Amino acid sequence: MTKTDSSNAAHLQEQGLVSQEVFSGNFLHVFRDTVQLPDGKASVREYIKHPGAVAIVAELDDGRLVMERQFRYPVQRVMIEFPAGKIDPGEDRLACAQRELLEETGYSARQWACAGIMHPAIGYSDEFIEIWFAKDLTLGARRLDEGEFLDVFTASLPELLRWTQSGELTDTKSMACLMWLQNYRSGAWPLNWQVMG
């Protein structure tokens with residue numbers, strides 16, 4: 001029997017007893033907590049606190065999607081990804097999506113819709129990524145951050161799905177974006193579009 005209502009899951013919850021920050025970086029903070037398990041025993045949880053991020057599914061008038069290629073040091077490879085970026089302290093999530101799309105790709109969008117939130121690493125991080133859709137695009141100049149290097153290109157949905165199947169596209173946020181995109185295009189998952197002034 002499947003239960004999705006978290007109010008019926010009290011028997012699964014762990015209670016934090018002691019929290020220790022073991023590393024504080026510019027971007028990530030690592031914690032080691034002692035927790036009480038549902039059976040009353042103690043255990044340790046190590047996890048990363050993350051400020052949260054956005055990912056943008058930006059669609060051109062011809063249906064092609066704005067994508068990026070970027071070297072990701074932890075996995076030592078160039079990854080195919082939808083545009084994305086972390087949320088600055090106090091920043092509105094839509095404002096972050098608009099900023100990241102412009103900075104990384106040069107595109108701005110007249111219409112925006114929030115799809116939903118994903119949690120890409122629930123076993124060791126509190127990171128969330130909010131997925132935004134953008135259309136009615138205008139191309140301008142990119143404004144990459146210092147030390148940021150990436151290529152911008154466009155691809156069709158069938159190409160992206162083929163690359164996912166072949167293992168060329170393995171980025172989880174981009175795979176979640178593709179799931180949303182497929183369901184949106186099929187009419188199964190409608191979006192509530194906002195027109196920017």
# chains A, B, ... in the order shown; residues from 1 in each chain; ligands from 1
>>> closest_atom_pairs(of="stretch 52-91 of chain A", to="stretch 128-150 of chain A", cutoff="6 Å", atoms="only C-alpha atoms", output="JSON lines")
{"residue": "A:Gly52", "atom": "CA", "partner": "A:Phe128", "partner_atom": "CA", "distance": 5.0}
{"residue": "A:Ala53", "atom": "CA", "partner": "A:Ile129", "partner_atom": "CA", "distance": 4.7}
{"residue": "A:Val54", "atom": "CA", "partner": "A:Glu130", "partner_atom": "CA", "distance": 4.6}
{"residue": "A:Ala55", "atom": "CA", "partner": "A:Ile131", "partner_atom": "CA", "distance": 4.9}
{"residue": "A:Ile56", "atom": "CA", "partner": "A:Trp132", "partner_atom": "CA", "distance": 4.8}
{"residue": "A:Val57", "atom": "CA", "partner": "A:Phe133", "partner_atom": "CA", "distance": 4.6}
{"residue": "A:Ala58", "atom": "CA", "partner": "A:Ala134", "partner_atom": "CA", "distance": 4.6}
{"residue": "A:Glu59", "atom": "CA", "partner": "A:Lys135", "partner_atom": "CA", "distance": 5.2}
{"residue": "A:Arg69", "atom": "CA", "partner": "A:Leu150", "partner_atom": "CA", "distance": 5.6}
{"residue": "A:Gln70", "atom": "CA", "partner": "A:Leu150", "partner_atom": "CA", "distance": 4.7}
>>> write_last_selection(atoms="N, CA and C atoms", output="mmCIF file, in the first residue's frame")
data_model
loop_
_atom_site.group_PDB
_atom_site.id
_atom_site.type_symbol
_atom_site.label_atom_id
_atom_site.label_comp_id
_atom_site.auth_asym_id
_atom_site.auth_seq_id
_atom_site.Cartn_x
_atom_site.Cartn_y
_atom_site.Cartn_z
ATOM 1 N N GLY A 52 19.680 26.176 -2.590
ATOM 2 C CA GLY A 52 18.592 25.993 -3.549
ATOM 3 C C GLY A 52 18.967 26.569 -4.897
ATOM 4 N N ALA A 53 18.260 26.122 -5.931
ATOM 5 C CA ALA A 53 18.598 26.522 -7.291
ATOM 6 C C ALA A 53 17.350 26.521 -8.163
ATOM 7 N N VAL A 54 17.526 26.994 -9.368
ATOM 8 C CA VAL A 54 16.467 26.944 -10.381
ATOM 9 C C VAL A 54 17.037 26.301 -11.630
ATOM 10 N N ALA A 55 16.162 25.697 -12.433
ATOM 11 C CA ALA A 55 16.509 25.201 -13.758
ATOM 12 C C ALA A 55 15.472 25.757 -14.721
ATOM 13 N N ILE A 56 15.904 26.056 -15.940
ATOM 14 C CA ILE A 56 15.021 26.737 -16.892
ATOM 15 C C ILE A 56 14.883 25.925 -18.170
ATOM 16 N N VAL A 57 13.631 25.611 -18.533
ATOM 17 C CA VAL A 57 13.303 24.986 -19.805
ATOM 18 C C VAL A 57 12.889 26.124 -20.734
ATOM 19 N N ALA A 58 13.833 26.593 -21.525
ATOM 20 C CA ALA A 58 13.603 27.745 -22.403
ATOM 21 C C ALA A 58 13.364 27.239 -23.822
ATOM 22 N N GLU A 59 12.163 27.544 -24.351
ATOM 23 C CA GLU A 59 11.740 27.009 -25.635
ATOM 24 C C GLU A 59 11.666 28.110 -26.687
ATOM 25 N N ARG A 69 26.446 23.143 -22.566
ATOM 26 C CA ARG A 69 27.489 22.152 -22.302
ATOM 27 C C ARG A 69 28.464 22.799 -21.326
ATOM 28 N N GLN A 70 28.757 22.095 -20.234
ATOM 29 C CA GLN A 70 29.631 22.664 -19.209
ATOM 30 C C GLN A 70 30.430 21.539 -18.547
#
>>> select_by_dssp(residues="stretch 106-140 of chain A", states="strand (DSSP E or B)", output="JSON list (two decimals) with C-alpha atoms, in the first residue's frame")
[["chain", "number", "residue", "atom", "x", "y", "z"],
["A", 107, "TYR", "CA", 18.12, 34.98, -23.66],
["A", 108, "SER", "CA", 15.33, 36.83, -21.91],
["A", 109, "ALA", "CA", 11.74, 35.59, -21.94],
["A", 110, "ARG", "CA", 8.40, 37.38, -22.01],
["A", 111, "GLN", "CA", 6.44, 34.41, -20.61],
["A", 112, "TRP", "CA", 7.29, 32.31, -17.56],
["A", 113, "ALA", "CA", 5.66, 29.37, -15.76],
["A", 114, "CYS", "CA", 6.72, 27.51, -12.62],
["A", 115, "ALA", "CA", 6.51, 23.74, -13.08],
["A", 116, "GLY", "CA", 7.54, 22.37, -9.68],
["A", 117, "ILE", "CA", 10.34, 21.48, -7.32],
["A", 118, "MET", "CA", 12.71, 18.53, -7.37],
["A", 125, "SER", "CA", 21.62, 17.16, 0.81],
["A", 129, "ILE", "CA", 15.72, 22.87, -7.67],
["A", 130, "GLU", "CA", 12.66, 24.76, -8.85],
["A", 131, "ILE", "CA", 11.87, 24.14, -12.52],
["A", 132, "TRP", "CA", 10.75, 27.11, -14.63],
["A", 133, "PHE", "CA", 9.55, 27.19, -18.23],
["A", 134, "ALA", "CA", 10.28, 30.20, -20.43],
["A", 135, "LYS", "CA", 9.02, 31.12, -23.91],
["A", 136, "ASP", "CA", 8.68, 34.11, -26.23],
["A", 137, "LEU", "CA", 12.47, 34.48, -26.10],
["A", 138, "THR", "CA", 14.68, 37.37, -27.18],
["A", 139, "LEU", "CA", 18.43, 36.91, -27.64]]
>>> closest_residue(among="A:His50, A:Lys173, A:His119, A:Arg185", to="A:Asp88", atoms="only C-alpha atoms")
A:His50
>>> residues_around(residues="A:Glu81", least_positions_apart="6", cutoff="6 Å", atoms="only C-alpha atoms", output="number ranges by chain")
A: 67-68, 174
>>> write_last_selection(atoms="N, CA and C atoms", output="CSV table (one decimal), in the first residue's frame")
chain,number,residue,atom,x,y,z
A,67,MET,N,20.0,24.9,-24.5
A,67,MET,CA,20.8,24.0,-23.7
A,67,MET,C,22.2,24.5,-23.5
A,68,GLU,N,22.9,23.8,-22.6
A,68,GLU,CA,24.3,24.2,-22.3
A,68,GLU,C,25.2,22.9,-22.2
A,174,SER,N,18.2,17.9,-15.5
A,174,SER,CA,17.8,18.0,-16.9
A,174,SER,C,16.8,16.9,-17.3
>>> closest_residue(among="A:Leu28, A:Leu94, A:Leu101, A:Tyr124", to="A:Arg45", atoms="only C-alpha atoms")
A:Tyr124
>>> select_by_dssp(residues="chain A", states="helix (DSSP H, G or I)", output="JSON list (two decimals) with C-alpha atoms, in the first residue's frame")
[["chain", "number", "residue", "atom", "x", "y", "z"],
["A", 6, "SER", "CA", 3.31, 12.78, 5.20],
["A", 7, "SER", "CA", 0.91, 13.29, 8.13],
["A", 8, "ASN", "CA", 0.53, 9.48, 8.24],
["A", 10, "ALA", "CA", 5.16, 9.90, 11.96],
["A", 11, "HIS", "CA", 6.44, 6.36, 12.58],
["A", 12, "LEU", "CA", 9.21, 7.01, 10.01],
["A", 73, "TYR", "CA", 34.64, 18.94, -12.04],
["A", 74, "PRO", "CA", 33.22, 16.34, -9.58],
["A", 75, "VAL", "CA", 32.35, 13.95, -12.43],
["A", 93, "ARG", "CA", 12.99, 32.33, -7.45],
["A", 94, "LEU", "CA", 11.50, 33.76, -10.65],
["A", 95, "ALA", "CA", 14.01, 36.62, -10.52],
["A", 96, "CYS", "CA", 16.76, 34.02, -10.15],
["A", 97, "ALA", "CA", 15.49, 32.08, -13.19],
["A", 98, "GLN", "CA", 15.36, 35.28, -15.26],
["A", 99, "ARG", "CA", 18.85, 36.29, -14.15],
["A", 100, "GLU", "CA", 20.42, 32.89, -14.77],
["A", 101, "LEU", "CA", 18.86, 32.50, -18.22],
["A", 102, "LEU", "CA", 20.14, 35.92, -19.28],
["A", 103, "GLU", "CA", 23.60, 35.58, -17.71],
["A", 104, "GLU", "CA", 24.31, 32.10, -19.05],
["A", 105, "THR", "CA", 22.58, 32.12, -22.45],
["A", 157, "LEU", "CA", 13.10, 17.08, -27.57],
["A", 158, "PRO", "CA", 13.73, 13.86, -29.57],
["A", 159, "GLU", "CA", 17.47, 14.59, -29.58],
["A", 160, "LEU", "CA", 17.53, 15.15, -25.82],
["A", 161, "LEU", "CA", 15.55, 11.96, -25.18],
["A", 162, "ARG", "CA", 17.91, 10.00, -27.43],
["A", 163, "TRP", "CA", 20.94, 11.39, -25.56],
["A", 164, "THR", "CA", 19.29, 10.45, -22.25],
["A", 165, "GLN", "CA", 18.69, 6.90, -23.44],
["A", 166, "SER", "CA", 22.27, 6.57, -24.72],
["A", 172, "THR", "CA", 19.21, 14.56, -13.06],
["A", 173, "LYS", "CA", 17.76, 18.08, -13.11],
["A", 174, "SER", "CA", 17.76, 18.00, -16.90],
["A", 175, "MET", "CA", 16.09, 14.58, -16.89],
["A", 176, "ALA", "CA", 13.39, 15.96, -14.56],
["A", 177, "CYS", "CA", 12.98, 18.93, -16.90],
["A", 178, "LEU", "CA", 12.50, 16.51, -19.80],
["A", 179, "MET", "CA", 9.80, 14.64, -17.88],
["A", 180, "TRP", "CA", 7.97, 17.92, -17.26],
["A", 181, "LEU", "CA", 8.40, 18.96, -20.88],
["A", 182, "GLN", "CA", 7.01, 15.70, -22.25],
["A", 183, "ASN", "CA", 3.98, 15.89, -19.98],
["A", 184, "TYR", "CA", 3.40, 19.56, -20.72],
["A", 185, "ARG", "CA", 3.56, 19.03, -24.48],
["A", 186, "SER", "CA", 1.19, 16.05, -24.26]]
>>> residues_around(residues="A:Gly25", least_positions_apart="6", cutoff="12 Å", atoms="only C-alpha atoms", output="ChimeraX atom specification")
/A:31,48-50
>>> write_last_selection(atoms="N, CA and C atoms", output="PDB file, in the first residue's frame")
ATOM      1  N   PHE A  31      27.274  19.138   7.490  1.00  0.00           N
ATOM      2  CA  PHE A  31      26.881  18.897   8.874  1.00  0.00           C
ATOM      3  C   PHE A  31      26.948  17.414   9.198  1.00  0.00           C
ATOM      4  N   ILE A  48      24.670  17.858   3.407  1.00  0.00           N
ATOM      5  CA  ILE A  48      25.102  19.150   2.897  1.00  0.00           C
ATOM      6  C   ILE A  48      23.914  20.096   2.855  1.00  0.00           C
ATOM      7  N   LYS A  49      24.095  21.289   3.411  1.00  0.00           N
ATOM      8  CA  LYS A  49      23.082  22.341   3.268  1.00  0.00           C
ATOM      9  C   LYS A  49      23.389  23.134   2.001  1.00  0.00           C
ATOM     10  N   HIS A  50      22.357  23.381   1.207  1.00  0.00           N
ATOM     11  CA  HIS A  50      22.492  24.011  -0.106  1.00  0.00           C
ATOM     12  C   HIS A  50      21.493  25.152  -0.194  1.00  0.00           C
TER      13      HIS A  50
END
>>> closest_residue(among="A:Val44, A:Leu37, A:Leu60, A:Ala121", to="A:Ser19", atoms="only C-alpha atoms")
A:Val44
>>> decode(residues="stretch 84-107 of chain A", atoms="N, CA and C atoms", output="PDB file, in the first residue's frame")
ATOM      1  N   ALA A  84      20.749  26.620 -15.536  1.00  0.00           N
ATOM      2  CA  ALA A  84      20.396  26.525 -14.117  1.00  0.00           C
ATOM      3  C   ALA A  84      21.372  27.353 -13.300  1.00  0.00           C
ATOM      4  N   GLY A  85      20.997  27.607 -12.060  1.00  0.00           N
ATOM      5  CA  GLY A  85      21.898  28.329 -11.170  1.00  0.00           C
ATOM      6  C   GLY A  85      21.336  28.444  -9.776  1.00  0.00           C
ATOM      7  N   LYS A  86      22.223  28.724  -8.835  1.00  0.00           N
ATOM      8  CA  LYS A  86      21.798  28.791  -7.432  1.00  0.00           C
ATOM      9  C   LYS A  86      21.105  30.107  -7.116  1.00  0.00           C
ATOM     10  N   ILE A  87      20.247  30.043  -6.123  1.00  0.00           N
ATOM     11  CA  ILE A  87      19.491  31.202  -5.660  1.00  0.00           C
ATOM     12  C   ILE A  87      20.360  31.990  -4.688  1.00  0.00           C
ATOM     13  N   ASP A  88      20.496  33.288  -4.924  1.00  0.00           N
ATOM     14  CA  ASP A  88      21.241  34.146  -4.007  1.00  0.00           C
ATOM     15  C   ASP A  88      20.410  34.407  -2.748  1.00  0.00           C
ATOM     16  N   PRO A  89      21.056  34.719  -1.627  1.00  0.00           N
ATOM     17  CA  PRO A  89      20.313  34.971  -0.389  1.00  0.00           C
ATOM     18  C   PRO A  89      19.230  36.038  -0.591  1.00  0.00           C
ATOM     19  N   GLY A  90      18.002  35.716  -0.214  1.00  0.00           N
ATOM     20  CA  GLY A  90      16.886  36.653  -0.313  1.00  0.00           C
ATOM     21  C   GLY A  90      16.328  36.836  -1.712  1.00  0.00           C
ATOM     22  N   GLU A  91      16.852  36.115  -2.693  1.00  0.00           N
ATOM     23  CA  GLU A  91      16.428  36.310  -4.074  1.00  0.00           C
ATOM     24  C   GLU A  91      15.122  35.573  -4.366  1.00  0.00           C
ATOM     25  N   ASP A  92      14.214  36.239  -5.052  1.00  0.00           N
ATOM     26  CA  ASP A  92      12.987  35.626  -5.535  1.00  0.00           C
ATOM     27  C   ASP A  92      13.338  34.559  -6.576  1.00  0.00           C
ATOM     28  N   ARG A  93      12.621  33.445  -6.575  1.00  0.00           N
ATOM     29  CA  ARG A  93      12.987  32.329  -7.455  1.00  0.00           C
ATOM     30  C   ARG A  93      12.772  32.655  -8.931  1.00  0.00           C
ATOM     31  N   LEU A  94      11.699  33.353  -9.264  1.00  0.00           N
ATOM     32  CA  LEU A  94      11.495  33.762 -10.654  1.00  0.00           C
ATOM     33  C   LEU A  94      12.589  34.729 -11.080  1.00  0.00           C
ATOM     34  N   ALA A  95      12.935  35.674 -10.205  1.00  0.00           N
ATOM     35  CA  ALA A  95      14.013  36.620 -10.517  1.00  0.00           C
ATOM     36  C   ALA A  95      15.325  35.877 -10.749  1.00  0.00           C
ATOM     37  N   CYS A  96      15.557  34.832  -9.974  1.00  0.00           N
ATOM     38  CA  CYS A  96      16.765  34.020 -10.154  1.00  0.00           C
ATOM     39  C   CYS A  96      16.740  33.330 -11.515  1.00  0.00           C
ATOM     40  N   ALA A  97      15.599  32.755 -11.892  1.00  0.00           N
ATOM     41  CA  ALA A  97      15.492  32.083 -13.185  1.00  0.00           C
ATOM     42  C   ALA A  97      15.733  33.063 -14.330  1.00  0.00           C
ATOM     43  N   GLN A  98      15.165  34.259 -14.222  1.00  0.00           N
ATOM     44  CA  GLN A  98      15.357  35.275 -15.261  1.00  0.00           C
ATOM     45  C   GLN A  98      16.821  35.690 -15.346  1.00  0.00           C
ATOM     46  N   ARG A  99      17.442  35.882 -14.201  1.00  0.00           N
ATOM     47  CA  ARG A  99      18.847  36.293 -14.149  1.00  0.00           C
ATOM     48  C   ARG A  99      19.752  35.209 -14.731  1.00  0.00           C
ATOM     49  N   GLU A 100      19.554  33.976 -14.308  1.00  0.00           N
ATOM     50  CA  GLU A 100      20.421  32.889 -14.770  1.00  0.00           C
ATOM     51  C   GLU A 100      20.282  32.656 -16.272  1.00  0.00           C
ATOM     52  N   LEU A 101      19.050  32.697 -16.786  1.00  0.00           N
ATOM     53  CA  LEU A 101      18.858  32.498 -18.220  1.00  0.00           C
ATOM     54  C   LEU A 101      19.602  33.575 -19.010  1.00  0.00           C
ATOM     55  N   LEU A 102      19.468  34.823 -18.581  1.00  0.00           N
ATOM     56  CA  LEU A 102      20.136  35.922 -19.281  1.00  0.00           C
ATOM     57  C   LEU A 102      21.647  35.826 -19.155  1.00  0.00           C
ATOM     58  N   GLU A 103      22.150  35.616 -17.928  1.00  0.00           N
ATOM     59  CA  GLU A 103      23.597  35.581 -17.713  1.00  0.00           C
ATOM     60  C   GLU A 103      24.263  34.457 -18.502  1.00  0.00           C
ATOM     61  N   GLU A 104      23.661  33.267 -18.463  1.00  0.00           N
ATOM     62  CA  GLU A 104      24.312  32.100 -19.055  1.00  0.00           C
ATOM     63  C   GLU A 104      24.101  31.978 -20.556  1.00  0.00           C
ATOM     64  N   THR A 105      22.913  32.378 -21.045  1.00  0.00           N
ATOM     65  CA  THR A 105      22.584  32.118 -22.453  1.00  0.00           C
ATOM     66  C   THR A 105      22.399  33.374 -23.283  1.00  0.00           C
ATOM     67  N   GLY A 106      22.141  34.519 -22.645  1.00  0.00           N
ATOM     68  CA  GLY A 106      21.835  35.745 -23.370  1.00  0.00           C
ATOM     69  C   GLY A 106      20.353  35.907 -23.683  1.00  0.00           C
ATOM     70  N   TYR A 107      19.553  34.898 -23.370  1.00  0.00           N
ATOM     71  CA  TYR A 107      18.120  34.978 -23.663  1.00  0.00           C
ATOM     72  C   TYR A 107      17.346  35.591 -22.506  1.00  0.00           C
TER      73      TYR A 107
END
